[in-house]
Amino acid sequence: MFNFSFLTKKTDVPNAKQTAAQFCFRLIEHAKKTFGVFRVKEILRSAFSLRQESVRYGSDGFPLLEEGGQEALKIAVIGLSNEMIKTFGTPFAESMMEKVVTQMEATVPAETITKEVLPIVPSGFLEGRKIKALSKEELAHRVEEKTAELRHVNENLEAKVSERTVELNSLLAEQQKAAQLLVRRDFELTRANERLKKLDEVKSNFISVVAHQLRTPLSGIKWTLNLLLNGDLGAMSTEQKTFLFKAYESNDRMISLVNDMLGADRIESGKMRYAFQPIQLLDVVDNVLFELLPQANARQLTIHFDHEPKDLPKVYADPERIRAVFQNLIENAVKYSKAKGAIEIKMRRTEERKVLVQIKDDGIGIPKEQQKNIFERFFRANNAVKAETDGSGLGLYIVKNIVERHDGKIWFESKEGEGVTFFFTIPAYTEGQAMPIVTRVSAIVDSPSQPKVQ
Ligand code: ADP
């Protein structure tokens, strides 16, 4: 085993080999205090096994460093300094070695330390001392080496910087191009949007003018046909009457289409005016049913209408608009019912002081995937288009708008092939409720008894 006893005697001047060993021993002693004896043994063992350097171990478990010479000492120092760096950082390891060397300088000549200790100190440590120990030539050589190394690093760096600059420039150019494209796109979209707005305005004006222009002649035709059918202008054969009645029905469909177009146009342009007053919804339904009865009879439909629901309050509404709501919903129920089907109309007061209306049919129903679109302008479900070719797809759009203007809500439940139930609510009228002053817009549907022939 390595004998360190000589180190305790201050008077001893150790020889070269002993000086290096002394450094190593002192470092081991410091390490023992820092990491503990057991850990230091482990550190040294793994340092030797890592280097695949065979060394013998003493009975105390420490390597017999004197047998391995300078190489063994070097491995031990490297192992210890690596552990110090890992645990406490490089400055700690450096200060530890500096401390050991300073202690040794009290007994060992500086020249011996330079010659024997510094070679076993890993590179990067005690560099100041190592440089001081170099000859002029060695120093010049070192400087040259370092300069070349730095130049090389510098050149690499410059190459990398210029490479990155080229990359960045091309990225910048691409970004500029994309930005220009975006600006152009934005400009084009704004212009297209303006054009569309203008077109929409033109279309809206066009619809409004055409619908208004059509209204009067259609009313005239209706009035004239009615006179003919009533026999006011002379008797007609049954065949003539049948054909005239078909003309009357077609004319009615045209009037209803024109009405829908005007209604939708008024909603969009915000020109739909309301004249609110307290009204009884039961009366409105009676009136609508009376008009739709021939259509319902033609299809052999049964209509159940509860005329006397308990305490049904009045609502505060525009009678003409509400009439249009019932007209549309009941007409749809008739139109989309299967022959001999049943329609049920119910009303009741809710706990929230509203009147809830329910219109149920057992007709074609609305396909589930299209239910979300049902209140959109011009939307018609596939099954409706197939079953009933007449229809503008504007009715429900208008109905929803009117109900909501009355502070109400509209919704439906449906299963395709089994029918639809439409529900809507209108707040009940409270006695003394203020009546807003609004401009009234005359009804569009012209009754035969009030012709508008120019
Ligand atoms: P339309 O003039 O086509 O009847 P609406 O706006 O009144 O237009 O209705 C929109 C669509 O809603 C209809 O085309 C139809 O697909 C569906 N719909 C409305 N009411 C019913 C109903 N009672 N039964 C089945 N489908 C209905």
# chains A, B, ... in the order shown; residues from 1 in each chain; ligands from 1

call {"tool": "residues_near_ligand", "arguments": {"ligand": "ligand 1", "cutoff": "6 Å", "atoms": "only C-alpha atoms and all ligand atoms", "output": "list in words"}}
result
Asn332, Ala333, Tyr336, Gly363, Ile364, Gly365, Ile366, Ile374, Phe379, Arg380, Ala381, Ala384, Gly391, Ser392, Gly393, Leu394, Gly395, Leu396, Tyr397, Gly419 and Val420 of chain A

call {"tool": "write_last_selection", "arguments": {"atoms": "C-alpha atoms", "output": "CSV table (one decimal), in the first residue's frame"}}
result
chain,number,residue,atom,x,y,z
A,332,ASN,CA,-97.5,25.2,-44.7
A,333,ALA,CA,-99.3,22.6,-42.5
A,336,TYR,CA,-97.0,19.7,-46.5
A,363,GLY,CA,-97.2,15.6,-43.0
A,364,ILE,CA,-93.8,15.1,-44.6
A,365,GLY,CA,-91.8,16.6,-41.8
A,366,ILE,CA,-88.4,18.2,-42.1
A,374,ILE,CA,-85.3,26.2,-42.1
A,379,PHE,CA,-84.4,27.7,-48.0
A,380,ARG,CA,-86.6,24.8,-49.0
A,381,ALA,CA,-86.0,21.3,-47.7
A,384,ALA,CA,-90.6,19.7,-49.7
A,391,GLY,CA,-93.0,27.8,-52.6
A,392,SER,CA,-90.5,30.6,-52.3
A,393,GLY,CA,-88.7,29.6,-49.1
A,394,LEU,CA,-89.4,33.1,-47.8
A,395,GLY,CA,-92.4,32.4,-45.5
A,396,LEU,CA,-90.6,31.2,-42.4
A,397,TYR,CA,-87.9,33.8,-42.7
A,419,GLY,CA,-94.9,15.8,-39.4
A,420,VAL,CA,-93.9,19.1,-37.8

call {"tool": "select_by_dssp", "arguments": {"residues": "region 42-278 of chain A", "states": "helix (DSSP H, G or I)", "output": "ChimeraX atom specification"}}
result
/A:42-50,65-88,90-104,110-120,127-132,136-229,238-269

call {"tool": "atom_distance", "arguments": {"atom1": "CA of Glu127 (chain A)", "atom2": "CA of Ser95 (chain A)"}}
result
12.2 Å

call {"tool": "atom_distance", "arguments": {"atom1": "CA of Asp361 (chain A)", "atom2": "CA of Ala428 (chain A)"}}
result
25.5 Å

call {"tool": "residues_around", "arguments": {"residues": "region 26-35 of chain A", "least_positions_apart": "3", "cutoff": "8 Å", "atoms": "only C-alpha atoms", "output": "PyMOL selection string"}}
result
chain A and resi 22-23+39-40+77+80+96-97+100

call {"tool": "write_last_selection", "arguments": {"atoms": "N, CA, C and O atoms", "output": "PDB file, in the first residue's frame"}}
result
ATOM      1  N   GLN A  22       1.983  13.570  -3.362  1.00  0.00           N
ATOM      2  CA  GLN A  22       1.533  14.389  -2.239  1.00  0.00           C
ATOM      3  C   GLN A  22       0.326  15.255  -2.653  1.00  0.00           C
ATOM      4  O   GLN A  22      -0.669  15.359  -1.940  1.00  0.00           O
ATOM      5  N   PHE A  23       0.424  15.800  -3.856  1.00  0.00           N
ATOM      6  CA  PHE A  23      -0.684  16.618  -4.373  1.00  0.00           C
ATOM      7  C   PHE A  23      -1.965  15.784  -4.447  1.00  0.00           C
ATOM      8  O   PHE A  23      -3.024  16.176  -3.985  1.00  0.00           O
ATOM      9  N   ARG A  39     -17.654   7.488  -0.607  1.00  0.00           N
ATOM     10  CA  ARG A  39     -17.905   8.042  -1.962  1.00  0.00           C
ATOM     11  C   ARG A  39     -16.593   8.220  -2.725  1.00  0.00           C
ATOM     12  O   ARG A  39     -16.512   7.942  -3.914  1.00  0.00           O
ATOM     13  N   VAL A  40     -15.524   8.661  -1.999  1.00  0.00           N
ATOM     14  CA  VAL A  40     -14.240   8.894  -2.673  1.00  0.00           C
ATOM     15  C   VAL A  40     -13.685   7.581  -3.221  1.00  0.00           C
ATOM     16  O   VAL A  40     -13.186   7.520  -4.339  1.00  0.00           O
ATOM     17  N   VAL A  77      -6.652  12.209 -10.088  1.00  0.00           N
ATOM     18  CA  VAL A  77      -6.951  13.650 -10.040  1.00  0.00           C
ATOM     19  C   VAL A  77      -8.118  13.973 -10.976  1.00  0.00           C
ATOM     20  O   VAL A  77      -9.036  14.722 -10.617  1.00  0.00           O
ATOM     21  N   LEU A  80     -11.406  12.821  -9.443  1.00  0.00           N
ATOM     22  CA  LEU A  80     -11.866  13.681  -8.348  1.00  0.00           C
ATOM     23  C   LEU A  80     -12.368  15.027  -8.868  1.00  0.00           C
ATOM     24  O   LEU A  80     -13.422  15.524  -8.458  1.00  0.00           O
ATOM     25  N   MET A  96     -10.163  24.376  -5.114  1.00  0.00           N
ATOM     26  CA  MET A  96      -9.673  23.247  -4.308  1.00  0.00           C
ATOM     27  C   MET A  96      -8.225  22.909  -4.698  1.00  0.00           C
ATOM     28  O   MET A  96      -7.358  22.717  -3.840  1.00  0.00           O
ATOM     29  N   MET A  97      -7.959  22.853  -6.006  1.00  0.00           N
ATOM     30  CA  MET A  97      -6.601  22.506  -6.458  1.00  0.00           C
ATOM     31  C   MET A  97      -5.624  23.613  -6.093  1.00  0.00           C
ATOM     32  O   MET A  97      -4.487  23.368  -5.695  1.00  0.00           O
ATOM     33  N   VAL A 100      -4.672  23.292  -2.485  1.00  0.00           N
ATOM     34  CA  VAL A 100      -3.716  22.205  -2.235  1.00  0.00           C
ATOM     35  C   VAL A 100      -2.308  22.638  -2.637  1.00  0.00           C
ATOM     36  O   VAL A 100      -1.325  22.458  -1.888  1.00  0.00           O
TER      37      VAL A 100
END

call {"tool": "atom_distance", "arguments": {"atom1": "CA of Lys415 (chain A)", "atom2": "CA of Asp362 (chain A)"}}
result
9.6 Å

call {"tool": "residues_around", "arguments": {"residues": "region 344-354 of chain A", "least_positions_apart": "4", "cutoff": "8 Å", "atoms": "only C-alpha atoms", "output": "list in words"}}
result
Ile303, His304, Phe305, Asp306, Pro309, Lys310, Asp311, Leu312, Pro313, Gln358, Ile359, Lys360, Asp361, Thr425, Ile426, Pro427 and Ala428 of chain A

call {"tool": "residues_around", "arguments": {"residues": "region 55-57 of chain A", "least_positions_apart": "6", "cutoff": "12 Å", "atoms": "only C-alpha atoms", "output": "PyMOL selection string"}}
result
chain A and resi 1-2+41+44-49+63-69+71-73+75-76

call {"tool": "write_last_selection", "arguments": {"atoms": "N, CA, C and O atoms", "output": "PDB file, in the first residue's frame"}}
result
ATOM      1  N   MET A   1       0.834  -1.208   0.000  1.00  0.00           N
ATOM      2  CA  MET A   1       0.000   0.000   0.000  1.00  0.00           C
ATOM      3  C   MET A   1       0.856   1.240   0.000  1.00  0.00           C
ATOM      4  O   MET A   1       1.970   1.235   0.517  1.00  0.00           O
ATOM      5  N   PHE A   2       0.351   2.312  -0.594  1.00  0.00           N
ATOM      6  CA  PHE A   2       1.141   3.552  -0.669  1.00  0.00           C
ATOM      7  C   PHE A   2       1.344   4.118   0.722  1.00  0.00           C
ATOM      8  O   PHE A   2       0.400   4.210   1.493  1.00  0.00           O
ATOM      9  N   LYS A  41     -13.872   6.514  -2.455  1.00  0.00           N
ATOM     10  CA  LYS A  41     -13.409   5.195  -2.936  1.00  0.00           C
ATOM     11  C   LYS A  41     -14.126   4.853  -4.241  1.00  0.00           C
ATOM     12  O   LYS A  41     -13.518   4.403  -5.212  1.00  0.00           O
ATOM     13  N   LEU A  44     -12.851   6.946  -7.215  1.00  0.00           N
ATOM     14  CA  LEU A  44     -11.555   6.493  -7.736  1.00  0.00           C
ATOM     15  C   LEU A  44     -11.706   5.181  -8.509  1.00  0.00           C
ATOM     16  O   LEU A  44     -11.166   5.017  -9.592  1.00  0.00           O
ATOM     17  N   ARG A  45     -12.513   4.281  -7.968  1.00  0.00           N
ATOM     18  CA  ARG A  45     -12.744   2.997  -8.651  1.00  0.00           C
ATOM     19  C   ARG A  45     -13.328   3.226 -10.042  1.00  0.00           C
ATOM     20  O   ARG A  45     -12.838   2.685 -11.031  1.00  0.00           O
ATOM     21  N   SER A  46     -14.355   4.079 -10.081  1.00  0.00           N
ATOM     22  CA  SER A  46     -14.996   4.257 -11.401  1.00  0.00           C
ATOM     23  C   SER A  46     -14.072   5.019 -12.349  1.00  0.00           C
ATOM     24  O   SER A  46     -14.090   4.794 -13.552  1.00  0.00           O
ATOM     25  N   ALA A  47     -13.206   5.919 -11.829  1.00  0.00           N
ATOM     26  CA  ALA A  47     -12.246   6.629 -12.699  1.00  0.00           C
ATOM     27  C   ALA A  47     -11.309   5.630 -13.355  1.00  0.00           C
ATOM     28  O   ALA A  47     -11.056   5.704 -14.563  1.00  0.00           O
ATOM     29  N   PHE A  48     -10.841   4.637 -12.576  1.00  0.00           N
ATOM     30  CA  PHE A  48      -9.899   3.653 -13.145  1.00  0.00           C
ATOM     31  C   PHE A  48     -10.610   2.701 -14.104  1.00  0.00           C
ATOM     32  O   PHE A  48     -10.074   2.368 -15.149  1.00  0.00           O
ATOM     33  N   SER A  49     -11.836   2.325 -13.727  1.00  0.00           N
ATOM     34  CA  SER A  49     -12.510   1.373 -14.630  1.00  0.00           C
ATOM     35  C   SER A  49     -12.914   2.069 -15.928  1.00  0.00           C
ATOM     36  O   SER A  49     -12.921   1.475 -16.995  1.00  0.00           O
ATOM     37  N   PRO A  63      -6.984   2.670  -4.219  1.00  0.00           N
ATOM     38  CA  PRO A  63      -6.025   2.155  -5.203  1.00  0.00           C
ATOM     39  C   PRO A  63      -4.579   2.385  -4.752  1.00  0.00           C
ATOM     40  O   PRO A  63      -4.311   3.395  -4.085  1.00  0.00           O
ATOM     41  N   LEU A  64      -3.722   1.472  -5.122  1.00  0.00           N
ATOM     42  CA  LEU A  64      -2.300   1.623  -4.770  1.00  0.00           C
ATOM     43  C   LEU A  64      -1.657   2.506  -5.835  1.00  0.00           C
ATOM     44  O   LEU A  64      -1.116   2.025  -6.826  1.00  0.00           O
ATOM     45  N   LEU A  65      -1.776   3.819  -5.616  1.00  0.00           N
ATOM     46  CA  LEU A  65      -1.391   4.779  -6.652  1.00  0.00           C
ATOM     47  C   LEU A  65       0.101   4.742  -6.980  1.00  0.00           C
ATOM     48  O   LEU A  65       0.481   4.936  -8.131  1.00  0.00           O
ATOM     49  N   GLU A  66       0.930   4.456  -5.939  1.00  0.00           N
ATOM     50  CA  GLU A  66       2.393   4.494  -6.196  1.00  0.00           C
ATOM     51  C   GLU A  66       2.805   3.455  -7.212  1.00  0.00           C
ATOM     52  O   GLU A  66       3.780   3.627  -7.930  1.00  0.00           O
ATOM     53  N   GLU A  67       2.009   2.397  -7.325  1.00  0.00           N
ATOM     54  CA  GLU A  67       2.359   1.340  -8.296  1.00  0.00           C
ATOM     55  C   GLU A  67       2.080   1.797  -9.719  1.00  0.00           C
ATOM     56  O   GLU A  67       2.712   1.381 -10.658  1.00  0.00           O
ATOM     57  N   GLY A  68       1.115   2.657  -9.857  1.00  0.00           N
ATOM     58  CA  GLY A  68       0.716   3.084 -11.208  1.00  0.00           C
ATOM     59  C   GLY A  68       1.521   4.244 -11.752  1.00  0.00           C
ATOM     60  O   GLY A  68       1.407   4.597 -12.919  1.00  0.00           O
ATOM     61  N   GLY A  69       2.332   4.881 -10.915  1.00  0.00           N
ATOM     62  CA  GLY A  69       3.155   5.995 -11.363  1.00  0.00           C
ATOM     63  C   GLY A  69       2.319   7.218 -11.728  1.00  0.00           C
ATOM     64  O   GLY A  69       1.168   7.374 -11.289  1.00  0.00           O
ATOM     65  N   GLU A  71       0.708   8.124 -14.383  1.00  0.00           N
ATOM     66  CA  GLU A  71      -0.558   7.903 -15.070  1.00  0.00           C
ATOM     67  C   GLU A  71      -1.690   7.631 -14.068  1.00  0.00           C
ATOM     68  O   GLU A  71      -2.792   8.173 -14.185  1.00  0.00           O
ATOM     69  N   ALA A  72      -1.335   6.805 -13.059  1.00  0.00           N
ATOM     70  CA  ALA A  72      -2.354   6.480 -12.050  1.00  0.00           C
ATOM     71  C   ALA A  72      -2.758   7.725 -11.273  1.00  0.00           C
ATOM     72  O   ALA A  72      -3.943   7.957 -10.998  1.00  0.00           O
ATOM     73  N   LEU A  73      -1.742   8.580 -10.923  1.00  0.00           N
ATOM     74  CA  LEU A  73      -2.041   9.810 -10.179  1.00  0.00           C
ATOM     75  C   LEU A  73      -2.956  10.722 -11.005  1.00  0.00           C
ATOM     76  O   LEU A  73      -3.913  11.300 -10.508  1.00  0.00           O
ATOM     77  N   ILE A  75      -5.060   9.881 -13.357  1.00  0.00           N
ATOM     78  CA  ILE A  75      -6.432   9.351 -13.421  1.00  0.00           C
ATOM     79  C   ILE A  75      -7.189   9.689 -12.151  1.00  0.00           C
ATOM     80  O   ILE A  75      -8.359  10.105 -12.175  1.00  0.00           O
ATOM     81  N   ALA A  76      -6.518   9.550 -11.004  1.00  0.00           N
ATOM     82  CA  ALA A  76      -7.176   9.844  -9.734  1.00  0.00           C
ATOM     83  C   ALA A  76      -7.589  11.306  -9.674  1.00  0.00           C
ATOM     84  O   ALA A  76      -8.727  11.638  -9.293  1.00  0.00           O
TER      85      ALA A  76
END

call {"tool": "residues_around", "arguments": {"residues": "region 194-206 of chain A", "least_positions_apart": "4", "cutoff": "9 Å", "atoms": "only C-alpha atoms", "output": "list in words"}}
result
Leu189, Thr190, Val210, Ala211, Asp265, Glu268 and Ser269 of chain A

call {"tool": "closest_residue", "arguments": {"among": "A:Gly263, A:Tyr248, A:Ser54, A:Ala235", "to": "His212 (chain A)", "atoms": "only C-alpha atoms"}}
result
A:Gly263
